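Asker: File final.cif below, mmCIF, C-alpha atoms:
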```cif
data_entry
#
loop_
_atom_site.label_atom_id
_atom_site.label_comp_id
_atom_site.auth_asym_id
_atom_site.auth_seq_id
_atom_site.Cartn_x
_atom_site.Cartn_y
_atom_site.Cartn_z
CA MET I 695 66.05 -70.04 -42.22
CA ALA I 696 62.54 -68.91 -42.95
CA SER I 697 60.54 -70.81 -45.46
CA LEU I 698 59.79 -69.40 -48.88
CA ARG I 699 56.58 -67.37 -48.69
CA ALA I 700 54.44 -65.47 -51.15
CA SER I 701 54.17 -61.70 -50.74
CA ASP I 702 51.34 -60.75 -48.42
CA GLY I 703 50.33 -57.81 -50.62
CA LYS I 704 50.50 -55.21 -47.86
CA THR I 705 51.41 -51.63 -48.65
CA ASN I 706 55.02 -50.57 -48.20
CA ILE I 707 56.09 -47.18 -46.93
CA VAL I 708 58.74 -45.87 -49.28
CA THR I 709 60.44 -42.55 -48.71
CA THR I 710 62.09 -41.29 -51.89
CA ARG I 711 63.56 -44.35 -53.56
CA SER I 712 67.16 -43.91 -54.51
CA GLY I 713 66.72 -45.63 -57.87
CA SER I 714 69.22 -48.25 -56.79
CA ASP I 715 68.74 -51.98 -57.27
CA LEU I 716 71.02 -52.53 -54.29
CA TYR I 717 69.43 -53.11 -50.89
CA LEU I 718 70.50 -53.17 -47.27
CA VAL I 719 68.17 -55.17 -45.02
CA ASP I 720 68.77 -54.08 -41.44
CA SER I 721 68.67 -56.16 -38.27
CA THR I 722 64.91 -55.75 -37.82
CA GLY I 723 64.31 -57.13 -41.30
CA TRP I 724 66.63 -60.09 -40.86
CA LEU I 725 65.08 -60.94 -37.48
CA GLU I 726 61.52 -60.68 -38.87
CA TYR I 727 62.53 -63.02 -41.69
CA LEU I 728 64.53 -65.56 -39.70
CA THR I 729 62.02 -65.86 -36.85
CA GLU I 730 59.12 -66.03 -39.32
CA ASP I 731 57.46 -63.05 -37.69
CA SER I 732 54.54 -61.12 -39.18
CA LYS I 733 56.59 -59.30 -41.84
CA ALA I 734 58.76 -62.28 -42.83
CA ALA I 735 57.30 -62.52 -46.33
CA ALA I 736 57.89 -58.83 -47.02
CA PHE I 737 61.56 -59.15 -46.07
CA GLY I 738 61.80 -62.50 -47.87
CA HIS I 739 61.13 -60.57 -51.07
CA TYR I 740 64.58 -58.96 -50.65
CA LEU I 741 66.45 -61.83 -48.98
CA GLU I 742 65.37 -64.67 -51.25
CA GLY I 743 66.09 -64.82 -54.93
CA GLU I 744 68.04 -62.41 -57.04
CA ALA I 745 68.03 -59.12 -55.10
CA SER I 746 71.48 -57.64 -54.44
CA VAL I 747 71.70 -57.19 -50.67
CA ILE I 748 74.71 -55.76 -48.87
CA MET I 749 75.55 -56.76 -45.31
CA PRO I 750 77.01 -54.20 -42.89
CA SER I 751 79.25 -55.77 -40.27
CA VAL I 752 77.16 -54.12 -37.52
CA VAL I 753 74.05 -55.96 -38.79
CA ILE I 754 75.94 -59.26 -38.60
CA PHE I 755 76.81 -58.42 -34.98
CA GLU I 756 73.26 -57.40 -34.01
CA VAL I 757 71.45 -60.31 -35.66
CA TYR I 758 73.93 -62.99 -34.60
CA ARG I 759 73.85 -61.76 -30.99
CA GLN I 760 70.03 -61.66 -30.85
CA LEU I 761 69.61 -65.06 -32.45
CA ALA I 762 72.25 -66.72 -30.26
CA LYS I 763 70.78 -65.21 -27.11
CA HIS I 764 67.08 -65.84 -27.81
CA ARG I 765 66.91 -68.66 -30.37
CA GLY I 766 70.18 -70.56 -29.93
CA ARG I 767 73.54 -70.71 -31.63
CA PRO I 768 72.53 -73.19 -34.36
CA LEU I 769 70.14 -70.62 -35.90
CA ALA I 770 72.70 -67.86 -35.35
CA ASP I 771 75.33 -69.96 -37.13
CA ARG I 772 72.98 -70.64 -40.07
CA PHE I 773 72.36 -66.90 -40.32
CA ALA I 774 76.12 -66.19 -40.29
CA SER I 775 76.77 -68.72 -43.04
CA GLN I 776 74.18 -66.98 -45.25
CA ALA I 777 75.19 -63.44 -44.29
CA LEU I 778 78.84 -64.01 -45.12
CA LEU I 779 77.90 -65.03 -48.67
CA ARG I 780 76.77 -61.46 -49.29
CA ARG I 781 78.94 -58.37 -49.80
CA VAL I 782 79.99 -57.50 -46.24
CA VAL I 783 80.53 -53.77 -45.68
CA PRO I 784 82.91 -53.04 -42.79
CA LEU I 785 82.69 -49.99 -40.58
CA ASP I 786 85.45 -47.86 -42.07
CA GLU I 787 86.34 -44.18 -41.66
CA THR I 788 83.99 -43.04 -44.46
CA VAL I 789 80.98 -44.79 -42.94
CA ALA I 790 81.97 -43.75 -39.41
CA LEU I 791 82.11 -40.06 -40.27
CA ALA I 792 78.91 -40.24 -42.31
CA ALA I 793 77.22 -42.04 -39.39
CA ALA I 794 78.30 -39.34 -36.94
CA ASN I 795 76.70 -36.69 -39.14
CA VAL I 796 73.55 -38.77 -39.71
CA SER I 797 73.25 -39.31 -35.96
CA LEU I 798 73.48 -35.60 -35.29
CA ASP I 799 71.24 -34.53 -38.17
CA HIS I 800 68.49 -37.14 -37.71
CA HIS I 801 68.79 -38.02 -34.00
CA LEU I 802 69.54 -41.70 -34.63
CA ASN I 803 71.35 -43.92 -32.13
CA GLY I 804 74.81 -45.20 -33.00
CA ASN I 805 73.96 -48.51 -34.67
CA ASP I 806 70.99 -47.05 -36.56
CA ALA I 807 73.17 -44.20 -37.80
CA ILE I 808 75.86 -46.66 -38.94
CA VAL I 809 73.29 -48.74 -40.82
CA TYR I 810 71.71 -45.72 -42.50
CA ALA I 811 75.09 -44.18 -43.36
CA THR I 812 76.20 -47.49 -44.85
CA SER I 813 73.14 -47.53 -47.10
CA ARG I 814 73.85 -43.96 -48.25
CA VAL I 815 77.59 -44.49 -48.79
CA CYS I 816 76.90 -47.68 -50.80
CA GLN I 817 73.95 -46.10 -52.65
CA ALA I 818 71.60 -48.84 -51.44
CA GLN I 819 67.99 -48.64 -50.36
CA LEU I 820 67.51 -49.41 -46.66
CA VAL I 821 64.78 -51.98 -46.00
CA THR I 822 63.68 -51.95 -42.37
CA ALA I 823 60.85 -52.45 -39.89
CA ASN I 824 62.34 -49.71 -37.70
CA THR I 825 60.10 -46.64 -37.74
CA HIS I 826 62.99 -44.45 -36.54
CA PHE I 827 63.97 -44.30 -40.22
CA ARG I 828 60.56 -43.05 -41.40
CA GLY I 829 60.85 -39.99 -43.62
CA LEU I 830 64.51 -40.46 -44.50
CA PRO I 831 65.45 -40.69 -48.19
CA GLY I 832 66.05 -44.16 -49.60
CA VAL I 833 64.15 -46.05 -46.88
CA ILE I 834 61.59 -48.79 -47.48
CA ILE I 835 59.41 -49.87 -44.55
CA PRO I 836 57.35 -52.93 -45.61
#
```
Spit out the file's structure as structure tokens when you get a sec.

Answerer:
Amino acid sequence: MASLRASDGKTNIVTTRSGSDLYLVDSTGWLEYLTEDSKAAAFGHYLEGEASVIMPSVVIFEVYRQLAKHRGRPLADRFASQALLRRVVPLDETVALAAANVSLDHHLNGNDAIVYATSRVCQAQLVTANTHFRGLPGVIIP
């Protein structure tokens, strides 16, 4: 896991906060954090401490797969043990139908649409490094 870091003080891009104290950190955020990349501290703000972060099952899939493939299974397993302590949100019929509409309306690929739809259905703010989400309501891009 990434080490505890102080916030780097950089400006965040926020598009219409939802007013929720619930967050969904997507795969890009988890990977930035776990690999201690340039935005690790910004995502650490949400992943360390007291923030309520939900975990879509598709994010577990994406992050575990990337870590196992590029960084090894031990890091992927450590991620999984932490991820499964959070509220896991499965891909159900409500999220699936919302994702289909989001994909059509905002031209997002399947997994991105599922992640964004999950944040909307759960009334959580999406925290991401993915600029495909720029301009969508309830998105924070650190």

Asker: Find the residues of stretch 756-808 of chain I that sit at most 8 Å from stretch 719-731 of chain I; for each, write down the nearest two atoms and how far apart they are in Å, to one decimal. Count only C-alpha atoms. Sort by chain, then by number going up, and give it as a tab-separated table.

Answerer:
```
residue	atom	partner	partner_atom	distance
I:Glu756	CA	I:Ser721	CA	6.4
I:Val757	CA	I:Ser721	CA	5.6
I:Leu761	CA	I:Leu725	CA	7.9
I:Phe773	CA	I:Leu728	CA	8.0
```

Asker: Take the residues just selected and output them with C-alpha atoms as a CSV table (one decimal), keeping the file's coordinate frame.

Answerer:
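Output (out_21.csv):
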```csv
chain,number,residue,atom,x,y,z
I,756,GLU,CA,73.3,-57.4,-34.0
I,757,VAL,CA,71.4,-60.3,-35.7
I,761,LEU,CA,69.6,-65.1,-32.4
I,773,PHE,CA,72.4,-66.9,-40.3
```

Asker: Give me the residues within 7 Å of I:Leu716 as a list in words, counting all atoms listed in the file and dropping any in the same chain fewer than 2 places off.

Answerer: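 Selected residues are Ser714, Ser746, Val747, Ala818 and Gln819 of chain I.
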
Asker: Quick check, in Å to one decimal: how far apart do atom CA of I:Val815 and atom CA of I:Pro784 lie?

Answerer: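 Calculated distance between atom CA of I:Val815 and atom CA of I:Pro784 is 11.7 Å.
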
Asker: Which one is closest to I:Ser813: I:Met749, I:Ala735, I:Leu779, I:Leu798? Count all atoms listed in the file.

Answerer: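 Among the listed residues, I:Met749 lies closest to I:Ser813.
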
Asker: Hey, which bits of stretch 731-756 of chain I sit within 9 Å of stretch 806-810 of chain I, and for each residue what's the closest pair of atoms and how far apart in Å (one decimal), counting all atoms listed in the file, rows by chain and increasing number, as a tab-separated table?

Answerer:
```
residue	atom	partner	partner_atom	distance
I:Pro750	CA	I:Val809	CA	6.9
I:Val752	CA	I:Val809	CA	7.4
I:Val753	CA	I:Val809	CA	7.5
```

Asker: What separation in Å, quoted to one decimal, exists between atom CA of I:Leu820 and atom CA of I:Phe737?

Answerer: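 Straight-line distance from atom CA of I:Leu820 to atom CA of I:Phe737 works out to 11.4 Å.
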